>>> print(open('coords_3.csv').read())   # CSV, C-alpha atoms
chain,number,residue,atom,x,y,z
A,1,MET,CA,-6.1,10.4,-53.6
A,2,SER,CA,-5.6,6.9,-52.4
A,3,TRP,CA,-6.0,6.0,-48.8
A,4,ALA,CA,-5.1,2.5,-47.5
A,5,ALA,CA,-3.8,1.6,-51.0
A,6,HIS,CA,-0.7,3.5,-50.1
A,7,GLN,CA,-0.2,1.4,-47.0
A,8,PHE,CA,-0.7,-1.9,-48.9
A,9,GLU,CA,1.3,-1.1,-52.0
A,10,ILE,CA,4.6,-0.9,-50.0
A,11,TYR,CA,4.2,-4.6,-49.1
A,12,ALA,CA,3.3,-5.3,-52.8
A,13,VAL,CA,6.5,-3.6,-53.9
A,14,GLN,CA,8.5,-5.5,-51.3
A,15,ALA,CA,7.0,-8.8,-52.4
A,16,HIS,CA,7.5,-8.2,-56.1
A,17,LEU,CA,11.1,-6.9,-56.3
A,18,PRO,CA,13.2,-8.0,-59.3
A,19,ARG,CA,14.8,-11.4,-58.6
A,20,LYS,CA,18.3,-10.1,-58.0
A,21,MET,CA,17.1,-7.5,-55.5
A,22,ARG,CA,15.2,-9.8,-53.2
A,23,GLY,CA,16.4,-9.4,-49.7
A,24,LYS,CA,18.6,-6.5,-50.7
A,25,VAL,CA,16.3,-3.6,-51.1
A,26,SER,CA,15.5,-1.5,-47.9
A,27,PHE,CA,11.9,-1.8,-46.7
A,28,VAL,CA,12.5,1.4,-44.7
A,29,GLY,CA,13.5,3.0,-48.0
A,30,ILE,CA,10.3,1.8,-49.7
A,31,TRP,CA,8.2,3.1,-46.8
A,32,LEU,CA,9.9,6.5,-46.7
A,33,GLY,CA,9.6,6.8,-50.5
A,34,ASP,CA,5.9,6.0,-50.4
A,35,PHE,CA,5.3,8.3,-47.5
A,36,THR,CA,7.2,11.3,-48.7
A,37,PRO,CA,4.7,12.8,-51.3
A,38,ASP,CA,1.9,13.1,-48.8
A,39,PHE,CA,4.2,14.0,-45.9
A,40,LEU,CA,5.4,17.0,-47.9
A,41,SER,CA,2.0,18.2,-49.2
A,42,LYS,CA,-1.0,16.9,-47.3
A,43,PHE,CA,-0.8,18.8,-44.1
A,44,TRP,CA,-2.1,21.9,-45.9
A,45,VAL,CA,-4.7,20.1,-48.0
A,46,TYR,CA,-7.1,19.7,-45.0
A,47,GLY,CA,-5.4,22.4,-42.9
A,48,ILE,CA,-6.5,23.2,-39.4
A,49,THR,CA,-9.3,25.3,-38.0
A,50,ILE,CA,-8.7,27.3,-34.8
A,51,GLY,CA,-11.8,29.0,-33.6
A,52,ASP,CA,-13.5,30.5,-36.7
A,53,ARG,CA,-10.3,30.7,-38.7
A,54,HIS,CA,-9.2,28.0,-41.1
A,55,PHE,CA,-5.5,27.7,-41.9
A,56,GLY,CA,-4.9,25.7,-45.0
A,57,SER,CA,-5.1,25.7,-48.8
A,58,SER,CA,-7.9,27.6,-50.4
A,59,VAL,CA,-7.9,25.2,-53.3
A,60,PRO,CA,-6.8,21.9,-51.8
A,61,HIS,CA,-6.6,19.8,-55.0
A,62,ARG,CA,-4.4,22.4,-56.8
A,63,TRP,CA,-2.2,22.7,-53.8
A,64,HIS,CA,-1.9,18.9,-53.4
A,65,ARG,CA,-1.4,17.9,-57.1
A,66,GLY,CA,-1.1,21.0,-59.2
A,67,TRP,CA,1.3,23.7,-60.3
A,68,PRO,CA,1.7,26.2,-58.8
A,69,GLY,CA,1.4,24.2,-55.7
A,70,MET,CA,2.9,21.1,-54.1
A,71,GLY,CA,2.0,18.8,-57.0
A,72,PHE,CA,5.7,18.4,-57.8
A,73,THR,CA,5.9,16.2,-54.7
A,74,HIS,CA,3.8,13.6,-56.5
A,75,THR,CA,6.1,13.4,-59.6
A,76,LEU,CA,8.7,10.9,-60.6
A,77,PHE,CA,11.1,13.8,-61.2
A,78,THR,CA,11.0,14.7,-57.4
A,79,GLY,CA,11.4,11.0,-56.5
A,80,ILE,CA,14.5,10.7,-58.7
A,81,VAL,CA,16.0,13.9,-57.3
A,82,ILE,CA,15.5,12.9,-53.7
A,83,ALA,CA,16.8,9.4,-54.4
A,84,GLY,CA,19.8,10.9,-56.0
A,85,LEU,CA,20.5,13.1,-53.0
A,86,LEU,CA,20.1,10.1,-50.7
A,87,TRP,CA,22.6,8.2,-52.8
A,88,LEU,CA,25.1,11.1,-52.7
A,89,TRP,CA,24.6,11.4,-48.9
A,90,ARG,CA,24.6,7.8,-47.8
A,91,ARG,CA,26.0,5.8,-50.8
A,92,ASN,CA,23.5,3.2,-49.8
A,93,ARG,CA,22.1,1.2,-52.7
A,94,ALA,CA,19.4,-0.6,-50.8
A,95,LEU,CA,18.0,2.6,-49.3
A,96,THR,CA,18.2,4.6,-52.6
A,97,ILE,CA,16.5,2.0,-54.8
A,98,GLY,CA,13.9,1.2,-52.1
A,99,TYR,CA,13.1,4.9,-51.8
A,100,LEU,CA,12.7,5.3,-55.6
A,101,PHE,CA,10.4,2.3,-55.8
A,102,GLY,CA,8.2,3.5,-53.0
A,103,PHE,CA,8.0,7.1,-54.3
A,104,ALA,CA,7.2,5.8,-57.8
A,105,ALA,CA,4.4,3.6,-56.4
A,106,HIS,CA,2.8,6.5,-54.7
A,107,ALA,CA,3.0,8.9,-57.7
A,108,LEU,CA,1.8,6.3,-60.2
A,109,THR,CA,-1.2,5.0,-58.1
A,110,ASP,CA,-2.5,8.6,-57.5
A,111,VAL,CA,-3.3,8.9,-61.2
A,112,ASN,CA,-6.5,7.1,-60.4
A,113,ASP,CA,-8.5,10.0,-58.8
A,114,SER,CA,-10.0,12.8,-60.8
A,115,VAL,CA,-7.1,15.2,-60.3
A,116,GLY,CA,-4.2,12.8,-60.9
A,117,THR,CA,-0.5,13.7,-60.8
A,118,MET,CA,1.9,15.6,-63.0
A,119,LEU,CA,3.7,12.5,-64.3
A,120,LEU,CA,6.0,14.3,-66.7
A,121,PHE,CA,6.8,17.3,-64.6
A,122,PRO,CA,8.9,19.5,-65.2
A,123,PHE,CA,8.5,18.9,-69.0
A,124,THR,CA,4.7,19.6,-68.7
A,125,VAL,CA,2.5,20.6,-65.8
A,126,LEU,CA,-0.5,18.8,-67.3
A,127,ASN,CA,-2.0,16.3,-64.9
A,128,TRP,CA,-2.4,12.6,-65.8
A,129,THR,CA,-5.6,11.0,-64.5
A,130,VAL,CA,-7.8,8.0,-65.4
A,131,GLU,CA,-10.6,9.6,-63.3
A,132,THR,CA,-11.5,6.3,-61.6
A,133,TRP,CA,-13.0,8.1,-58.6
A,134,ALA,CA,-13.6,11.7,-57.5
A,135,TYR,CA,-10.9,13.7,-55.8
A,136,ALA,CA,-12.9,15.0,-52.8
A,137,ALA,CA,-10.7,17.0,-50.5
A,138,THR,CA,-12.4,20.4,-50.1
A,139,VAL,CA,-12.1,23.3,-47.6
A,140,GLU,CA,-15.8,22.8,-46.6
A,141,GLY,CA,-15.8,19.0,-46.4
A,142,GLY,CA,-12.3,18.5,-45.1
A,143,LYS,CA,-11.0,15.0,-44.3
A,144,TYR,CA,-14.4,13.5,-43.4
A,145,LEU,CA,-16.1,14.2,-46.7
A,146,ASP,CA,-13.0,13.1,-48.5
A,147,ALA,CA,-13.0,9.8,-46.6
A,148,ALA,CA,-16.8,9.3,-47.2
A,149,ALA,CA,-16.5,9.9,-50.9
A,150,TYR,CA,-13.4,7.7,-51.3
A,151,TYR,CA,-15.0,4.8,-49.4
A,152,SER,CA,-18.2,5.1,-51.3
A,153,SER,CA,-16.6,4.9,-54.7
A,154,LEU,CA,-14.1,2.8,-56.7
A,155,GLY,CA,-11.5,4.1,-54.2
A,156,LEU,CA,-12.7,1.3,-51.9
A,157,VAL,CA,-12.2,-1.2,-54.7
A,158,MET,CA,-8.7,0.2,-55.2
A,159,ASP,CA,-7.9,-0.4,-51.5
A,160,LEU,CA,-9.4,-3.9,-51.7
A,161,PHE,CA,-7.4,-4.6,-54.8
A,162,TRP,CA,-4.1,-3.8,-53.1
A,163,LEU,CA,-5.1,-5.7,-50.1
A,164,VAL,CA,-5.7,-8.8,-52.2
A,165,VAL,CA,-2.3,-8.3,-54.0
A,166,VAL,CA,-0.6,-8.3,-50.5
A,167,LEU,CA,-2.7,-11.2,-49.2
A,168,VAL,CA,-1.9,-13.3,-52.3
A,169,SER,CA,1.8,-12.6,-51.4
A,170,TRP,CA,1.0,-13.3,-47.7
A,171,ARG,CA,4.4,-14.6,-46.9
A,172,VAL,CA,5.7,-11.0,-47.1
A,173,LEU,CA,3.9,-10.4,-43.8
A,174,THR,CA,5.5,-13.3,-41.9
A,175,ARG,CA,8.3,-13.3,-39.3
A,176,GLU,CA,10.2,-15.7,-41.5
A,177,TYR,CA,10.1,-13.3,-44.4
A,178,TRP,CA,11.1,-10.4,-42.2
A,179,ARG,CA,14.1,-12.3,-40.9
A,180,THR,CA,15.3,-13.5,-44.3
A,181,HIS,CA,14.4,-10.6,-46.6
A,182,VAL,CA,13.8,-7.4,-44.6
A,183,VAL,CA,16.4,-7.5,-41.9
A,184,PRO,CA,19.4,-8.3,-44.2
A,185,ALA,CA,18.6,-5.3,-46.3
A,186,ASP,CA,18.4,-2.9,-43.3
A,187,PRO,CA,20.7,-4.6,-40.7
A,188,HIS,CA,21.7,-1.3,-38.9
A,189,VAL,CA,18.1,-0.1,-38.5
A,190,TRP,CA,16.8,-3.4,-37.2
A,191,SER,CA,19.7,-4.2,-35.0
A,192,TRP,CA,19.5,-0.7,-33.4
A,193,LEU,CA,15.8,-1.1,-32.8
A,194,GLY,CA,16.5,-4.6,-31.4
A,195,ARG,CA,18.4,-3.0,-28.6
A,196,PHE,CA,15.1,-1.7,-27.2
A,197,MET,CA,12.4,-4.1,-28.5
A,198,PRO,CA,11.9,-7.9,-28.5
A,199,GLU,CA,11.5,-9.6,-31.8
A,200,ARG,CA,7.7,-9.8,-31.7
A,201,ALA,CA,7.6,-6.0,-31.4
A,202,LEU,CA,10.1,-5.6,-34.3
A,203,VAL,CA,8.0,-7.9,-36.5
A,204,ALA,CA,4.9,-5.9,-35.4
A,205,LEU,CA,6.6,-2.7,-36.4
A,206,TYR,CA,7.3,-4.2,-39.8
A,207,GLN,CA,3.7,-5.2,-40.2
A,208,ALA,CA,2.3,-2.1,-38.6
A,209,THR,CA,1.7,-0.1,-41.8
A,210,PHE,CA,-0.4,-3.0,-43.2
A,211,PHE,CA,-2.3,-3.3,-39.9
A,212,TYR,CA,-3.0,0.5,-40.1
A,213,GLY,CA,-4.2,0.2,-43.7
A,214,VAL,CA,-6.7,-2.6,-42.9
A,215,CYS,CA,-8.0,-0.8,-39.8
A,216,ARG,CA,-8.3,2.6,-41.4
A,217,MET,CA,-10.2,1.1,-44.4
A,218,ILE,CA,-12.6,-0.7,-42.0
A,219,ALA,CA,-13.0,2.2,-39.7
A,220,TRP,CA,-13.7,4.9,-42.3
A,221,SER,CA,-16.0,2.6,-44.3
A,222,THR,CA,-18.0,1.7,-41.2
A,223,TRP,CA,-18.3,5.3,-40.2
A,224,ALA,CA,-19.3,6.5,-43.7
A,225,HIS,CA,-21.9,3.8,-44.2
A,226,LEU,CA,-23.2,2.7,-40.8
A,227,ILE,CA,-22.7,5.6,-38.5
A,228,GLU,CA,-23.0,8.9,-40.4
A,229,ARG,CA,-26.4,10.3,-41.3
A,230,PRO,CA,-25.6,12.8,-44.1
A,231,VAL,CA,-28.1,15.1,-45.8
A,232,ILE,CA,-27.5,14.9,-49.6
A,233,ASP,CA,-29.6,17.2,-51.9
A,234,GLY,CA,-32.0,17.8,-49.0
A,235,VAL,CA,-32.5,14.1,-48.4
A,236,ALA,CA,-31.5,12.6,-45.0
A,237,ARG,CA,-29.7,9.3,-45.6
A,238,PHE,CA,-28.6,6.3,-43.6
A,239,GLY,CA,-24.9,6.5,-44.4
A,240,TYR,CA,-23.3,7.9,-47.6
A,241,PRO,CA,-24.6,6.1,-50.7
A,242,PHE,CA,-22.3,3.8,-52.5
A,243,ASP,CA,-21.6,4.6,-56.2
A,244,LEU,CA,-19.1,2.3,-57.9
A,245,SER,CA,-19.5,4.1,-61.3
A,246,TRP,CA,-16.5,5.7,-63.0
A,247,THR,CA,-15.5,9.0,-61.3
A,248,GLY,CA,-18.1,8.4,-58.6
A,249,PRO,CA,-19.6,9.1,-56.2
A,250,TRP,CA,-22.5,11.0,-57.9
A,251,TRP,CA,-23.3,13.1,-54.9
A,252,LEU,CA,-20.1,15.1,-55.0
A,253,ASP,CA,-18.4,17.2,-57.7
A,254,ALA,CA,-15.2,15.6,-58.7
A,255,ARG,CA,-12.3,18.1,-58.6
A,256,SER,CA,-10.1,18.3,-61.6
A,257,LEU,CA,-7.2,20.2,-63.2
A,258,ASP,CA,-6.1,20.5,-66.8
A,259,HIS,CA,-5.1,17.1,-67.9
A,260,VAL,CA,-4.2,14.8,-70.8
A,261,HIS,CA,-6.7,12.4,-72.3
A,262,PRO,CA,-7.4,9.6,-69.8
A,263,LEU,CA,-6.8,6.9,-72.4
A,264,LEU,CA,-3.1,8.0,-72.6
A,265,VAL,CA,-2.6,7.5,-68.9
A,266,PRO,CA,-2.4,3.6,-68.5
A,267,VAL,CA,0.1,3.5,-71.3
A,268,ALA,CA,2.2,6.2,-69.7
A,269,VAL,CA,2.0,4.6,-66.3
A,270,ALA,CA,3.0,1.2,-67.6
A,271,ALA,CA,5.9,2.8,-69.6
A,272,LEU,CA,7.2,4.9,-66.6
A,273,LEU,CA,6.9,1.9,-64.2
A,274,ALA,CA,8.9,-0.2,-66.7
A,275,LEU,CA,11.4,2.6,-67.0
A,276,VAL,CA,11.9,2.9,-63.2
A,277,TYR,CA,12.4,-0.9,-62.9
A,278,TRP,CA,14.7,-1.0,-66.0
A,279,ALA,CA,16.8,1.9,-64.7
A,280,ALA,CA,17.0,0.3,-61.2
A,281,ILE,CA,18.1,-3.1,-62.6
A,282,ARG,CA,20.7,-1.4,-64.9
A,283,LEU,CA,22.1,0.7,-62.0
A,284,TRP,CA,22.0,-2.1,-59.4
A,285,GLU,CA,25.5,-3.5,-60.0
A,286,PRO,CA,27.3,-0.2,-60.6
A,287,MET,CA,25.8,1.2,-57.5
A,288,GLY,CA,26.8,-1.9,-55.6
A,289,ARG,CA,30.4,-1.5,-56.7
A,290,ALA,CA,30.3,2.2,-55.8
A,291,GLU,CA,28.9,1.4,-52.4
A,292,ALA,CA,31.6,-1.2,-51.8
A,293,ALA,CA,34.3,1.3,-52.8
A,294,ALA,CA,32.8,3.9,-50.5
A,295,VAL,CA,32.7,1.5,-47.6
A,296,ALA,CA,36.3,0.5,-48.2
A,297,ALA,CA,37.4,4.1,-48.4
A,298,ARG,CA,35.6,4.8,-45.0
A,299,ARG,CA,37.4,1.9,-43.4
A,300,ARG,CA,40.8,3.1,-44.7
A,301,ALA,CA,40.0,6.6,-43.3
B,1,MET,CA,-0.9,-4.3,-5.2
B,2,ASN,CA,2.1,-4.8,-2.9
B,3,ASP,CA,1.3,-7.5,-0.3
B,4,GLY,CA,4.6,-7.2,1.5
B,5,SER,CA,5.7,-10.7,0.5
B,6,GLY,CA,7.9,-9.5,-2.3
B,7,LYS,CA,5.5,-11.2,-4.9
B,8,SER,CA,4.7,-7.9,-6.5
B,9,GLU,CA,8.4,-7.1,-7.1
B,10,GLU,CA,8.8,-10.6,-8.5
B,11,LEU,CA,5.9,-10.2,-10.9
B,12,ALA,CA,7.1,-6.7,-12.0
B,13,GLY,CA,10.6,-8.2,-12.6
B,14,ALA,CA,9.0,-11.0,-14.7
B,15,VAL,CA,7.1,-8.5,-16.8
B,16,ALA,CA,10.2,-6.5,-17.4
B,17,ASN,CA,12.1,-9.6,-18.4
B,18,ASP,CA,9.2,-10.7,-20.7
B,19,VAL,CA,9.2,-7.3,-22.4
B,20,ALA,CA,12.9,-7.0,-22.8
B,21,ALA,CA,13.6,-10.6,-23.8
B,22,GLU,CA,11.8,-12.5,-26.5
B,23,VAL,CA,8.9,-14.6,-25.3
B,24,PRO,CA,7.7,-16.6,-28.3
B,25,LEU,CA,4.0,-16.3,-28.9
B,26,THR,CA,2.0,-19.3,-29.8
B,27,ARG,CA,-0.1,-19.1,-32.9
B,28,ARG,CA,-3.2,-18.8,-30.8
B,29,GLU,CA,-1.7,-16.0,-28.8
B,30,LYS,CA,-0.7,-14.2,-31.9
B,31,VAL,CA,-4.2,-14.4,-33.4
B,32,VAL,CA,-5.6,-13.2,-30.1
B,33,TRP,CA,-3.3,-10.2,-29.7
B,34,TYR,CA,-3.5,-9.1,-33.4
B,35,THR,CA,-7.3,-9.3,-33.2
B,36,VAL,CA,-7.4,-7.4,-29.9
B,37,ALA,CA,-5.2,-4.7,-31.5
B,38,ALA,CA,-7.4,-4.4,-34.6
B,39,VAL,CA,-10.8,-4.5,-32.9
B,40,SER,CA,-9.8,-2.1,-30.2
B,41,TYR,CA,-8.3,0.4,-32.6
B,42,ILE,CA,-11.2,0.2,-35.1
B,43,ALA,CA,-13.8,0.5,-32.3
B,44,VAL,CA,-12.1,3.5,-30.7
B,45,SER,CA,-11.1,5.3,-33.9
B,46,ILE,CA,-14.6,5.2,-35.4
B,47,PHE,CA,-15.7,7.5,-32.7
B,48,GLN,CA,-12.4,9.3,-32.2
B,49,LYS,CA,-11.3,9.8,-35.8
B,50,GLY,CA,-8.4,11.9,-34.8
B,51,LEU,CA,-6.7,8.6,-33.9
B,52,LEU,CA,-6.9,7.5,-37.5
B,53,ASN,CA,-3.5,8.6,-38.6
B,54,TRP,CA,-0.3,7.0,-39.7
B,55,PHE,CA,1.4,7.6,-36.4
B,56,VAL,CA,-1.2,6.4,-33.9
B,57,GLY,CA,-2.3,3.4,-35.9
B,58,PRO,CA,1.0,1.7,-36.2
B,59,LEU,CA,2.0,2.7,-32.7
B,60,TRP,CA,-1.2,1.2,-31.3
B,61,PHE,CA,-0.5,-2.1,-33.0
B,62,VAL,CA,3.1,-2.3,-31.9
B,63,LEU,CA,2.3,-1.4,-28.3
B,64,VAL,CA,-0.5,-4.0,-28.0
B,65,VAL,CA,1.6,-6.8,-29.5
B,66,TRP,CA,4.6,-5.7,-27.5
B,67,PHE,CA,3.1,-5.2,-24.0
B,68,GLY,CA,-0.1,-7.1,-24.2
B,69,PRO,CA,1.3,-10.6,-23.8
B,70,PRO,CA,3.6,-10.0,-20.8
B,71,LEU,CA,0.9,-8.0,-19.1
B,72,ALA,CA,-1.6,-10.8,-19.6
B,73,ARG,CA,0.9,-13.4,-18.4
B,74,SER,CA,1.7,-11.3,-15.3
B,75,LEU,CA,-2.0,-11.1,-14.6
B,76,GLY,CA,-2.3,-14.8,-15.0
B,77,ARG,CA,0.6,-15.4,-12.6
B,78,ARG,CA,-0.9,-12.9,-10.1
B,79,ARG,CA,-4.2,-14.7,-10.3
B,80,SER,CA,-2.6,-18.2,-9.8
B,81,ALA,CA,-0.5,-16.8,-6.9
B,82,GLY,CA,-3.7,-15.4,-5.3
B,83,ASN,CA,-5.4,-18.8,-5.7
B,84,GLU,CA,-2.5,-20.5,-4.0
B,85,VAL,CA,-2.6,-18.1,-1.0
B,86,ALA,CA,-6.4,-18.6,-0.8
B,87,LEU,CA,-5.9,-22.4,-0.7
>>> encode(input="coords_3.csv", output="structure tokens")
Amino acid sequence: MSWAAHQFEIYAVQAHLPRKMRGKVSFVGIWLGDFTPDFLSKFWVYGITIGDRHFGSSVPHRWHRGWPGMGFTHTLFTGIVIAGLLWLWRRNRALTIGYLFGFAAHALTDVNDSVGTMLLFPFTVLNWTVETWAYAATVEGGKYLDAAAYYSSLGLVMDLFWLVVVLVSWRVLTREYWRTHVVPADPHVWSWLGRFMPERALVALYQATFFYGVCRMIAWSTWAHLIERPVIDGVARFGYPFDLSWTGPWWLDARSLDHVHPLLVPVAVAALLALVYWAAIRLWEPMGRAEAAAVAARRRA
Amino acid sequence: MNDGSGKSEELAGAVANDVAAEVPLTRREKVVWYTVAAVSYIAVSIFQKGLLNWFVGPLWFVLVVWFGPPLARSLGRRRSAGNEVAL
């Protein structure tokens, strides 16, 4: 799984919208879309332990990404279905397209760990993974071992990559950008929040997910490499060892499910990403007309 | 502390106004408060990892940036008012 990368990628999506959608796609939608897959599935991955009893999945990686399990929450199919339902409910183009982009970003970036996602669900339940780093959520290790493995592997590089992508587009984090691109796409949400909060708090709220991503990356990395004293293969160590090799770290068995050949995955991801953007661009104007008609009908009523 | 002169009420009112209305932060104030939020959150959450979640993290940041500046200003006013009384 990806950690802070999911917090950064929403700003990257926001900063790299197709030209005609700039200032018109809902950031709240992107945030919700990116957040949904893990919100629906992750609570049971680590589970909770009360006394001696653990409540949670017995095979976390299958639950999280597989079938049977909640792996369908990390598929484009589910993203399209929920976006479709959102459209039928709200007739809000900005929210629907934003949600679809956010959801797609999450499902496509999660192909990097050793479990991957079922990209072509429901046509096939094979997972798609490039095995860049080890999926490490286990019943025994829980969240801590998962974090230690991620921030000792190419997962850390993934987080840093997305951080750089956002920092290169740093204007996306500014108050000016928020005023000119984010608020106009979600005027009702921000004006409602503005009844309770001053502008600096609203801007902070917009930036808060980025802030959380940076802090969580630093905090988990610091803990894993400077604070923790793990014993690995009987050897006491000062922090978890870094291993930036493919499917690292070496000190943990990478979890896996039946999957397609990893070389197929970059091609499929690029094709699906292009397909999502192409479909959104093609649907943009018709959805705009349908939204305008729905608004007019509501006014008449 | 209420000193009976009505100053505390005035300060409380000023804080409430600062929180409710926009008080533009200077670039320096912004850097300070964003840094305070990040350093404090990281320092605390390294040892209390339960705080490292998507709800507490963003909330921490928003609360520090929202309430930090008016609280600091009110403390500054209180201090300068105290100095005036002492003089």
>>> closest_residue(input="coords_3.csv", among="B:Thr35, B:Ser45, B:Ser40, B:Thr26", to="chain A", atoms="only C-alpha atoms")
B:Ser45
>>> closest_residue(input="coords_3.csv", among="A:Val267, A:Leu202, A:Met1, A:Leu273", to="Val182 of chain A", atoms="only C-alpha atoms")
A:Leu202
>>> residues_around(input="coords_3.csv", residues="Gly57 of chain B", least_positions_apart="2", cutoff="9 Å", atoms="all atoms listed in the file", output="NGL selection string")
(:A and (208-209 or 211-213 or 215-216)) or (:B and (41 or 51-55 or 59-62))
>>> residues_around(input="coords_3.csv", residues="Ser245 of chain A", least_positions_apart="3", cutoff="9 Å", atoms="only C-alpha atoms", output="PyMOL selection string")
chain A and resi 132-133+153-154+248-250
>>> closest_residue(input="coords_3.csv", among="B:Pro70, B:Gly50, B:Gly82, B:Pro58", to="chain A", atoms="all atoms listed in the file")
B:Pro58
>>> closest_atom_pairs(input="coords_3.csv", of="chain A", to="chain B", cutoff="12 Å", atoms="all atoms listed in the file", output="tab-separated table")
residue	atom	partner	partner_atom	distance
A:Trp3	CA	B:Trp54	CA	10.8
A:Ala4	CA	B:Trp54	CA	10.2
A:His6	CA	B:Trp54	CA	11.0
A:Gln7	CA	B:Trp54	CA	9.2
A:Trp31	CA	B:Trp54	CA	11.7
A:Phe35	CA	B:Trp54	CA	9.7
A:Asp38	CA	B:Trp54	CA	11.2
A:Phe39	CA	B:Trp54	CA	10.4
A:Phe43	CA	B:Asn53	CA	11.9
A:Lys143	CA	B:Lys49	CA	10.0
A:Tyr144	CA	B:Lys49	CA	9.0
A:Ala147	CA	B:Lys49	CA	10.9
A:Thr174	CA	B:Lys30	CA	11.8
A:Arg175	CA	B:Pro24	CA	11.5
A:Leu193	CA	B:Ala20	CA	12.0
A:Gly194	CA	B:Ala20	CA	9.6
A:Arg195	CA	B:Ala20	CA	8.9
A:Phe196	CA	B:Ala20	CA	7.2
A:Met197	CA	B:Ala20	CA	6.4
A:Pro198	CA	B:Glu22	CA	5.0
A:Glu199	CA	B:Glu22	CA	6.0
A:Arg200	CA	B:Trp66	CA	6.6
A:Ala201	CA	B:Trp66	CA	4.9
A:Leu202	CA	B:Val62	CA	8.1
A:Val203	CA	B:Val62	CA	8.7
A:Ala204	CA	B:Val62	CA	5.3
A:Leu205	CA	B:Val62	CA	5.7
A:Tyr206	CA	B:Val62	CA	9.1
A:Gln207	CA	B:Pro58	CA	8.4
A:Ala208	CA	B:Pro58	CA	4.7
A:Thr209	CA	B:Pro58	CA	5.9
A:Phe210	CA	B:Pro58	CA	8.5
A:Phe211	CA	B:Pro58	CA	7.0
A:Tyr212	CA	B:Gly57	CA	5.2
A:Gly213	CA	B:Gly57	CA	8.6
A:Val214	CA	B:Ala38	CA	8.5
A:Cys215	CA	B:Ile42	CA	5.8
A:Arg216	CA	B:Leu52	CA	6.4
A:Met217	CA	B:Ile42	CA	9.4
A:Ile218	CA	B:Ile42	CA	7.1
A:Ala219	CA	B:Ile42	CA	5.3
A:Trp220	CA	B:Ile46	CA	7.0
A:Ser221	CA	B:Ile46	CA	9.4
A:Thr222	CA	B:Ile46	CA	7.6
A:Trp223	CA	B:Ile46	CA	6.1
A:Ala224	CA	B:Ile46	CA	9.6
A:His225	CA	B:Ile46	CA	11.5
A:Leu226	CA	B:Ile46	CA	10.5
A:Ile227	CA	B:Ile46	CA	8.7
A:Glu228	CA	B:Ile46	CA	10.5
>>> write_last_selection(input="coords_3.csv", atoms="C-alpha atoms", output="short mmCIF file (atom, residue, chain, number, x, y, z; two decimals), keeping the file's coordinate frame")
data_model
loop_
_atom_site.label_atom_id
_atom_site.label_comp_id
_atom_site.auth_asym_id
_atom_site.auth_seq_id
_atom_site.Cartn_x
_atom_site.Cartn_y
_atom_site.Cartn_z
CA TRP A 3 -6.00 6.00 -48.80
CA ALA A 4 -5.10 2.50 -47.50
CA HIS A 6 -0.70 3.50 -50.10
CA GLN A 7 -0.20 1.40 -47.00
CA TRP A 31 8.20 3.10 -46.80
CA PHE A 35 5.30 8.30 -47.50
CA ASP A 38 1.90 13.10 -48.80
CA PHE A 39 4.20 14.00 -45.90
CA PHE A 43 -0.80 18.80 -44.10
CA LYS A 143 -11.00 15.00 -44.30
CA TYR A 144 -14.40 13.50 -43.40
CA ALA A 147 -13.00 9.80 -46.60
CA THR A 174 5.50 -13.30 -41.90
CA ARG A 175 8.30 -13.30 -39.30
CA LEU A 193 15.80 -1.10 -32.80
CA GLY A 194 16.50 -4.60 -31.40
CA ARG A 195 18.40 -3.00 -28.60
CA PHE A 196 15.10 -1.70 -27.20
CA MET A 197 12.40 -4.10 -28.50
CA PRO A 198 11.90 -7.90 -28.50
CA GLU A 199 11.50 -9.60 -31.80
CA ARG A 200 7.70 -9.80 -31.70
CA ALA A 201 7.60 -6.00 -31.40
CA LEU A 202 10.10 -5.60 -34.30
CA VAL A 203 8.00 -7.90 -36.50
CA ALA A 204 4.90 -5.90 -35.40
CA LEU A 205 6.60 -2.70 -36.40
CA TYR A 206 7.30 -4.20 -39.80
CA GLN A 207 3.70 -5.20 -40.20
CA ALA A 208 2.30 -2.10 -38.60
CA THR A 209 1.70 -0.10 -41.80
CA PHE A 210 -0.40 -3.00 -43.20
CA PHE A 211 -2.30 -3.30 -39.90
CA TYR A 212 -3.00 0.50 -40.10
CA GLY A 213 -4.20 0.20 -43.70
CA VAL A 214 -6.70 -2.60 -42.90
CA CYS A 215 -8.00 -0.80 -39.80
CA ARG A 216 -8.30 2.60 -41.40
CA MET A 217 -10.20 1.10 -44.40
CA ILE A 218 -12.60 -0.70 -42.00
CA ALA A 219 -13.00 2.20 -39.70
CA TRP A 220 -13.70 4.90 -42.30
CA SER A 221 -16.00 2.60 -44.30
CA THR A 222 -18.00 1.70 -41.20
CA TRP A 223 -18.30 5.30 -40.20
CA ALA A 224 -19.30 6.50 -43.70
CA HIS A 225 -21.90 3.80 -44.20
CA LEU A 226 -23.20 2.70 -40.80
CA ILE A 227 -22.70 5.60 -38.50
CA GLU A 228 -23.00 8.90 -40.40
#
>>> atom_distance(input="coords_3.csv", atom1="atom CA of Gly116 of chain A", atom2="atom CA of Ala15 of chain A")
25.8 Å
>>> closest_residue(input="coords_3.csv", among="A:Ile30, A:Val25, A:Ala107, A:Ala297", to="Thr73 of chain A", atoms="only C-alpha atoms")
A:Ala107
>>> residues_around(input="coords_3.csv", residues="Ala294 of chain A", least_positions_apart="5", cutoff="12 Å", atoms="only C-alpha atoms", output="PyMOL selection string")
chain A and resi 87-93+287-289+299-301
>>> atom_distance(input="coords_3.csv", atom1="atom CA of Leu283 of chain A", atom2="atom CA of Ala94 of chain A")
11.6 Å
